[in-house]
>>> print(open('coords_4.txt').read())   # compact mmCIF, C-alpha atoms and all ligand atoms
# COMPACT_ATOMS: atom_id res chain seq x y z
CA MET A 237 37.65 -90.11 11.18
CA GLU A 238 40.82 -88.37 12.35
CA ASN A 239 39.01 -86.91 15.36
CA LEU A 240 37.31 -90.18 16.15
CA LEU A 241 40.63 -92.01 16.21
CA SER A 242 42.33 -89.50 18.44
CA ILE A 243 39.80 -90.28 21.19
CA LEU A 244 41.48 -93.63 21.58
CA PRO A 245 44.98 -93.06 23.01
CA VAL A 246 46.49 -96.20 21.48
CA LEU A 247 45.26 -95.15 18.08
CA ALA A 248 46.33 -91.52 18.31
CA THR A 249 49.27 -92.25 16.07
CA ASP A 250 49.44 -91.87 12.33
CA LEU A 251 47.27 -94.96 11.90
CA SER A 252 45.55 -94.67 8.55
CA LEU A 253 41.97 -95.66 7.82
CA THR A 254 43.33 -98.69 5.96
CA ASP A 255 45.42 -99.84 8.93
CA PHE A 256 42.51 -99.18 11.26
CA THR A 257 40.12 -101.38 9.27
CA PHE A 258 42.72 -104.18 9.14
CA TRP A 259 43.09 -103.94 12.90
CA ILE A 260 39.37 -103.93 13.65
CA GLY A 261 38.78 -106.57 10.96
CA PHE A 262 41.28 -108.87 12.64
CA ALA A 263 39.60 -108.41 16.03
CA ALA A 264 36.11 -108.95 14.60
CA MET A 265 37.11 -112.11 12.71
CA LEU A 266 38.81 -113.53 15.80
CA ALA A 267 35.83 -112.81 18.06
CA SER A 268 33.39 -114.28 15.52
CA THR A 269 35.50 -117.41 15.24
CA MET A 270 35.33 -117.98 18.99
CA PHE A 271 31.59 -117.34 18.94
CA PHE A 272 30.89 -119.76 16.06
CA PHE A 273 33.11 -122.42 17.63
CA SER A 274 31.33 -122.23 20.94
CA ALA A 275 27.96 -122.22 19.16
CA MET A 276 28.75 -125.73 17.91
CA ASN A 277 27.83 -126.97 21.38
CA MET A 278 24.51 -125.14 21.40
CA VAL A 279 23.02 -126.41 18.16
CA ALA A 280 21.47 -129.69 17.06
CA ASP A 281 23.83 -132.33 15.64
CA LYS A 282 22.73 -131.77 12.05
CA TRP A 283 23.97 -128.13 12.18
CA LYS A 284 27.33 -128.72 13.85
CA THR A 285 29.24 -128.99 10.58
CA SER A 286 27.68 -125.76 9.30
CA MET A 287 28.76 -123.95 12.47
CA LEU A 288 32.26 -125.40 12.13
CA VAL A 289 32.47 -124.12 8.55
CA SER A 290 31.35 -120.66 9.72
CA ALA A 291 34.15 -120.69 12.31
CA LEU A 292 36.68 -121.82 9.70
CA ILE A 293 35.69 -118.98 7.36
CA THR A 294 36.24 -116.26 9.96
CA GLY A 295 39.23 -118.11 11.45
CA ILE A 296 41.06 -118.29 8.12
CA ALA A 297 40.23 -114.62 7.58
CA ALA A 298 41.55 -113.70 11.07
CA LEU A 299 44.87 -115.32 10.23
CA HIS A 300 45.17 -113.45 6.93
CA TYR A 301 44.07 -110.18 8.52
CA TYR A 302 46.92 -110.53 10.98
CA TYR A 303 49.40 -110.77 8.12
CA MET A 304 47.68 -108.16 5.96
CA ARG A 305 47.61 -105.70 8.82
CA ASN A 306 51.36 -106.07 9.32
CA ALA A 307 52.00 -105.81 5.59
CA ALA A 308 49.82 -102.69 5.28
CA MET A 309 51.58 -101.01 8.19
CA GLU A 310 54.95 -101.73 6.55
CA GLY A 311 53.60 -100.17 3.36
CA ASP A 312 53.61 -103.51 1.51
CA ILE A 313 50.87 -104.67 -0.83
CA THR A 314 48.33 -107.15 0.49
CA THR A 315 47.06 -108.59 -2.81
CA ALA A 316 48.57 -112.09 -2.48
CA TYR A 317 47.39 -112.57 1.13
CA ARG A 318 43.97 -111.27 0.16
CA TYR A 319 43.48 -113.72 -2.65
CA VAL A 320 44.88 -116.69 -0.72
CA ASP A 321 42.31 -115.86 1.95
CA TRP A 322 39.47 -115.63 -0.60
CA ILE A 323 40.43 -118.78 -2.51
CA LEU A 324 40.04 -120.66 0.79
CA THR A 325 37.05 -118.89 2.30
CA VAL A 326 34.77 -118.34 -0.73
CA PRO A 327 34.61 -122.09 -1.54
CA LEU A 328 33.75 -122.64 2.13
CA MET A 329 30.86 -120.21 1.68
CA CYS A 330 29.74 -122.41 -1.23
CA VAL A 331 29.92 -125.34 1.19
CA GLU A 332 27.49 -123.47 3.47
CA PHE A 333 24.94 -123.33 0.65
CA TYR A 334 25.45 -127.03 0.02
CA LEU A 335 25.20 -128.05 3.68
CA ILE A 336 21.93 -126.30 4.39
CA LEU A 337 20.36 -127.77 1.22
CA LYS A 338 21.83 -131.26 1.62
CA PRO A 339 18.86 -132.66 3.60
CA SER A 340 16.59 -131.57 0.73
CA GLY A 341 18.74 -133.35 -1.83
CA ALA A 342 21.60 -131.02 -2.83
CA THR A 343 24.17 -132.95 -4.83
CA LYS A 344 27.94 -132.73 -4.91
CA SER A 345 27.67 -131.48 -8.49
CA LEU A 346 25.90 -128.34 -7.26
CA LEU A 347 28.72 -127.78 -4.79
CA TRP A 348 31.43 -128.28 -7.43
CA LYS A 349 29.66 -125.96 -9.85
CA LEU A 350 29.68 -123.16 -7.26
CA ILE A 351 33.29 -123.86 -6.30
CA LEU A 352 34.39 -123.89 -9.94
CA LEU A 353 32.63 -120.59 -10.69
CA SER A 354 34.05 -118.91 -7.60
CA THR A 355 37.55 -120.15 -8.47
CA VAL A 356 37.24 -118.63 -11.96
CA MET A 357 35.93 -115.40 -10.40
CA LEU A 358 38.86 -115.13 -7.99
CA VAL A 359 41.72 -116.32 -10.20
CA THR A 360 40.77 -113.89 -12.98
CA GLY A 361 40.35 -111.11 -10.38
CA TYR A 362 43.84 -111.86 -9.10
CA PHE A 363 45.29 -111.78 -12.62
CA GLY A 364 43.66 -108.39 -13.10
CA GLU A 365 45.04 -106.94 -9.88
CA ALA A 366 48.50 -108.46 -10.21
CA GLY A 367 48.80 -107.57 -13.91
CA ILE A 368 49.27 -111.16 -15.08
CA GLY A 369 48.47 -112.66 -18.48
CA PRO A 370 47.17 -111.36 -21.80
CA LEU A 371 44.26 -109.23 -20.56
CA ASP A 372 44.24 -105.88 -18.76
CA ALA A 373 42.54 -105.21 -15.43
CA GLN A 374 39.20 -104.19 -16.92
CA LEU A 375 38.95 -107.29 -19.12
CA TRP A 376 40.00 -109.71 -16.38
CA GLY A 377 37.46 -107.93 -14.19
CA LEU A 378 34.80 -108.50 -16.84
CA VAL A 379 35.52 -112.25 -16.95
CA SER A 380 35.44 -112.33 -13.16
CA GLY A 381 32.15 -110.42 -13.18
CA ILE A 382 30.58 -112.94 -15.58
CA ALA A 383 31.53 -115.80 -13.23
CA TYR A 384 30.05 -113.78 -10.35
CA PHE A 385 26.74 -113.38 -12.20
CA ALA A 386 26.71 -117.11 -12.97
CA ILE A 387 26.95 -117.78 -9.22
CA VAL A 388 24.12 -115.30 -8.54
CA ALA A 389 21.98 -116.95 -11.25
CA GLU A 390 22.62 -120.45 -9.93
CA ILE A 391 21.66 -119.72 -6.34
CA TRP A 392 18.73 -117.38 -7.12
CA PHE A 393 17.14 -119.20 -10.07
CA GLY A 394 19.00 -122.49 -10.64
CA GLY A 395 18.96 -125.88 -8.95
CA ALA A 396 19.83 -124.45 -5.54
CA SER A 397 16.76 -122.20 -5.45
CA LYS A 398 14.47 -125.11 -6.38
CA LEU A 399 15.87 -127.22 -3.56
CA ALA A 400 15.41 -124.33 -1.13
CA LYS A 401 11.77 -123.96 -2.20
CA SER A 402 11.11 -127.64 -1.73
CA ALA A 403 12.69 -127.48 1.74
CA GLY A 404 10.48 -124.55 2.73
CA GLY A 405 10.37 -123.01 6.22
CA ASN A 406 13.54 -121.85 7.95
CA VAL A 407 15.85 -123.45 5.41
CA GLU A 408 14.19 -121.57 2.57
CA SER A 409 14.44 -118.24 4.39
CA ALA A 410 18.08 -118.87 5.35
CA HIS A 411 18.86 -119.67 1.71
CA LYS A 412 17.13 -116.45 0.62
CA MET A 413 19.17 -114.48 3.12
CA LEU A 414 22.47 -116.01 1.92
CA CYS A 415 21.38 -115.22 -1.66
CA LYS A 416 20.92 -111.57 -0.67
CA PHE A 417 24.40 -111.49 0.84
CA VAL A 418 25.83 -112.79 -2.44
CA LEU A 419 23.85 -110.32 -4.55
CA ILE A 420 24.30 -107.21 -2.41
CA GLY A 421 27.17 -107.94 -0.01
CA TRP A 422 29.46 -109.48 -2.60
CA ALA A 423 28.80 -106.57 -4.97
CA ILE A 424 31.02 -104.50 -2.66
CA TYR A 425 34.09 -106.32 -4.04
CA PRO A 426 33.88 -105.21 -7.68
CA ILE A 427 33.58 -101.64 -6.36
CA GLY A 428 36.87 -102.11 -4.47
CA TYR A 429 38.41 -103.58 -7.60
CA MET A 430 37.33 -100.63 -9.74
CA ALA A 431 38.62 -98.22 -7.10
CA GLY A 432 42.05 -99.87 -7.22
CA THR A 433 42.59 -100.68 -10.90
CA ASP A 434 42.56 -98.73 -14.15
CA GLY A 435 39.77 -99.07 -16.71
CA TRP A 436 36.77 -97.40 -18.33
CA TYR A 437 35.42 -96.93 -14.80
CA SER A 438 38.40 -94.96 -13.46
CA GLY A 439 36.65 -91.60 -13.75
CA ILE A 440 33.56 -92.84 -11.90
CA PHE A 441 35.47 -94.30 -8.98
CA SER A 442 38.23 -91.70 -8.68
CA GLY A 443 36.70 -90.52 -5.39
CA LEU A 444 37.50 -93.94 -3.94
CA ALA A 445 41.05 -94.11 -5.28
CA GLY A 446 43.43 -95.66 -2.76
CA GLN A 447 40.57 -97.16 -0.74
CA MET A 448 40.61 -100.64 -2.23
CA ASP A 449 41.72 -102.36 0.98
CA VAL A 450 39.20 -100.41 3.06
CA ILE A 451 36.36 -101.45 0.73
CA TYR A 452 37.47 -105.10 0.71
CA ASN A 453 37.74 -105.06 4.52
CA VAL A 454 34.20 -103.72 4.89
CA GLY A 455 32.99 -106.37 2.42
CA ASP A 456 34.71 -109.17 4.33
CA ALA A 457 33.30 -108.09 7.69
CA ILE A 458 29.75 -107.90 6.34
CA ASN A 459 29.89 -111.10 4.32
CA LYS A 460 31.97 -113.50 6.39
CA ILE A 461 30.41 -112.63 9.73
CA GLY A 462 26.97 -112.16 8.13
CA PHE A 463 27.02 -115.60 6.50
CA GLY A 464 27.97 -117.18 9.83
CA LEU A 465 25.15 -115.38 11.64
CA VAL A 466 22.55 -116.50 9.07
CA VAL A 467 23.67 -120.09 9.59
CA TYR A 468 23.69 -119.64 13.37
CA ASN A 469 20.18 -118.21 13.23
CA LEU A 470 18.99 -121.21 11.23
CA ALA A 471 20.76 -123.64 13.54
CA VAL A 472 19.12 -122.29 16.71
CA SER A 473 15.65 -121.88 15.13
CA LYS A 474 12.95 -124.43 15.85
C1 LIG A 501 35.15 -113.60 2.20
C2 LIG A 501 35.43 -113.15 0.89
C3 LIG A 501 34.50 -112.99 -0.10
C4 LIG A 501 33.05 -113.27 0.09
C5 LIG A 501 35.01 -112.49 -1.35
C6 LIG A 501 34.28 -112.28 -2.44
C7 LIG A 501 34.88 -111.73 -3.60
C8 LIG A 501 34.22 -111.38 -4.74
C9 LIG A 501 32.76 -111.58 -4.92
C10 LIG A 501 35.01 -110.77 -5.80
C11 LIG A 501 34.56 -110.41 -7.00
C12 LIG A 501 35.27 -109.73 -8.08
C13 LIG A 501 34.51 -109.37 -9.19
C14 LIG A 501 33.06 -109.75 -9.31
C15 LIG A 501 35.06 -108.59 -10.33
C16 LIG A 501 36.37 -107.94 -10.02
C17 LIG A 501 37.30 -108.87 -9.35
C18 LIG A 501 36.77 -109.41 -8.02
C19 LIG A 501 37.59 -110.66 -7.73
C20 LIG A 501 37.05 -108.37 -6.93
>>> encode(input="coords_4.txt", output="C-alpha cells")
Amino acid sequence: MENLLSILPVLATDLSLTDFTFWIGFAAMLASTMFFFSAMNMVADKWKTSMLVSALITGIAALHYYYMRNAAMEGDITTAYRYVDWILTVPLMCVEFYLILKPSGATKSLLWKLILLSTVMLVTGYFGEAGIGPLDAQLWGLVSGIAYFAIVAEIWFGGASKLAKSAGGNVESAHKMLCKFVLIGWAIYPIGYMAGTDGWYSGIFSGLAGQMDVIYNVGDAINKIGFGLVVYNLAVSK
C-alpha cells in the first residue's frame, strides 16, 4: 500500500490507509450521487422515487465522509458522525426494499418493522462503541447482532420474500440481490466492530486491530453504491 500511494504525488505524504479510504470513499459517494440523480431522468416514472432514494443514501454518506475524513486526519474519533450517517441511510435502504415491493402490495407495517429493527441494531451498536449504558461492547454487539438477524430473516423468509415471489421477474431478482447485500455485504460491519472493540473475539480479530474505520469504509462503499446500482439496474430493465 505504501508503494502504491507514493505513485500519486498528492498522496505521497504520511496519509494513512484510514485517511486514504475516507478520501476515496468521499469521492466515490459524491460521484455515485451525481450518477443516481441524473439517472432519475432516464428511468420510468414509477422508479424515479427509488432512484432519488439511492442518490440520497450516497449523498448523505458523502457529506459525512467529508466530515469524517477531516476528523480522522486531525486524529479525532469518527464514531458519532458514523452513526448519524447510518441512522439516516440504513432506514433509507429499508425504504428501497419497500418501494420495489410496493406495487406487489408491500405495506407500511413492513417498512416500519425494518426501520425499527435497524434502529435497534444501530443504537445498540453505538452504545457498544461509545461505552454507554449497562452492557459492555460484546453484549451490546450481541443485541445488535440479534436485530441484524431479524432483518435478514424478514427479508429472506418473511413477508417481504413472499411479496417478491408474487411479483416475480425483475422485481424478484432485484429483491434477491438486495437480500444478498444485506446477508453478505452488511456482515462486514460486525467484523469492523469486533476489530475495534474488546470482547471474547479480541484474540481472533487482533490482526485487524486499528482497522475499524477502514473496514466500515469498505462496507459502506460496497453496500451503499451496490444497493443503488441494483435499483438502477431494475429501473432500466424492461
Ligand atoms: C450504509 C450503512 C450501512 C448499510 C450500515 C450497516 C450497519 C450494520 C449492518 C451494522 C451492524 C452491527 C452489528 C450487526 C453488530 C455490531 C454493531 C454493528 C452496529 C456494527
>>> residues_near_ligand(input="coords_4.txt", ligand="ligand LIG 501 (chain A)", cutoff="6 Å", atoms="only C-alpha atoms and all ligand atoms", output="ChimeraX atom specification")
/A:322,325-326,357-358,361,377,380-381,384,422,425-426,429,456,459-460
>>> atom_distance(input="coords_4.txt", atom1="atom CA of A:Phe417", atom2="atom CA of A:Lys398")
18.3 Å
>>> closest_atom_pairs(input="coords_4.txt", of="stretch 325-428 of chain A", to="stretch 283-302 of chain A", cutoff="8 Å", atoms="only C-alpha atoms", output="JSON lines")
{"residue": "A:Thr325", "atom": "CA", "partner": "A:Ile293", "partner_atom": "CA", "distance": 5.2}
{"residue": "A:Leu328", "atom": "CA", "partner": "A:Ile293", "partner_atom": "CA", "distance": 6.7}
{"residue": "A:Met329", "atom": "CA", "partner": "A:Ile293", "partner_atom": "CA", "distance": 7.6}
{"residue": "A:Val331", "atom": "CA", "partner": "A:Val289", "partner_atom": "CA", "distance": 7.9}
{"residue": "A:Glu332", "atom": "CA", "partner": "A:Ser286", "partner_atom": "CA", "distance": 6.3}
{"residue": "A:Leu335", "atom": "CA", "partner": "A:Ser286", "partner_atom": "CA", "distance": 6.6}
{"residue": "A:Ile336", "atom": "CA", "partner": "A:Ser286", "partner_atom": "CA", "distance": 7.6}
>>> atom_distance(input="coords_4.txt", atom1="atom CA of A:Ala373", atom2="atom CA of A:Gly455")
20.3 Å
>>> closest_atom_pairs(input="coords_4.txt", of="stretch 374-464 of chain A", to="stretch 260-281 of chain A", cutoff="8 Å", atoms="all atoms listed in the file", output="CSV")
residue,atom,partner,partner_atom,distance
A:Asn453,CA,A:Gly261,CA,6.7
A:Ala457,CA,A:Gly261,CA,6.6
A:Ile461,CA,A:Ser268,CA,6.7
A:Gly464,CA,A:Phe272,CA,7.3
>>> atom_distance(input="coords_4.txt", atom1="atom CA of A:Val450", atom2="atom CA of A:Trp376")
21.6 Å
>>> closest_residue(input="coords_4.txt", among="A:Ser354, A:Thr257, A:Asn406, A:Asp321", to="A:Met309", atoms="all atoms listed in the file")
A:Thr257
>>> residues_around(input="coords_4.txt", residues="A:Leu350", least_positions_apart="2", cutoff="9 Å", atoms="only C-alpha atoms", output="PyMOL selection string")
chain A and resi 327+330-331+345-348+352-355+386-387+390-391
>>> closest_residue(input="coords_4.txt", among="A:Met430, A:Val466, A:Leu371, A:Leu414", to="A:Gln447", atoms="all atoms listed in the file")
A:Met430
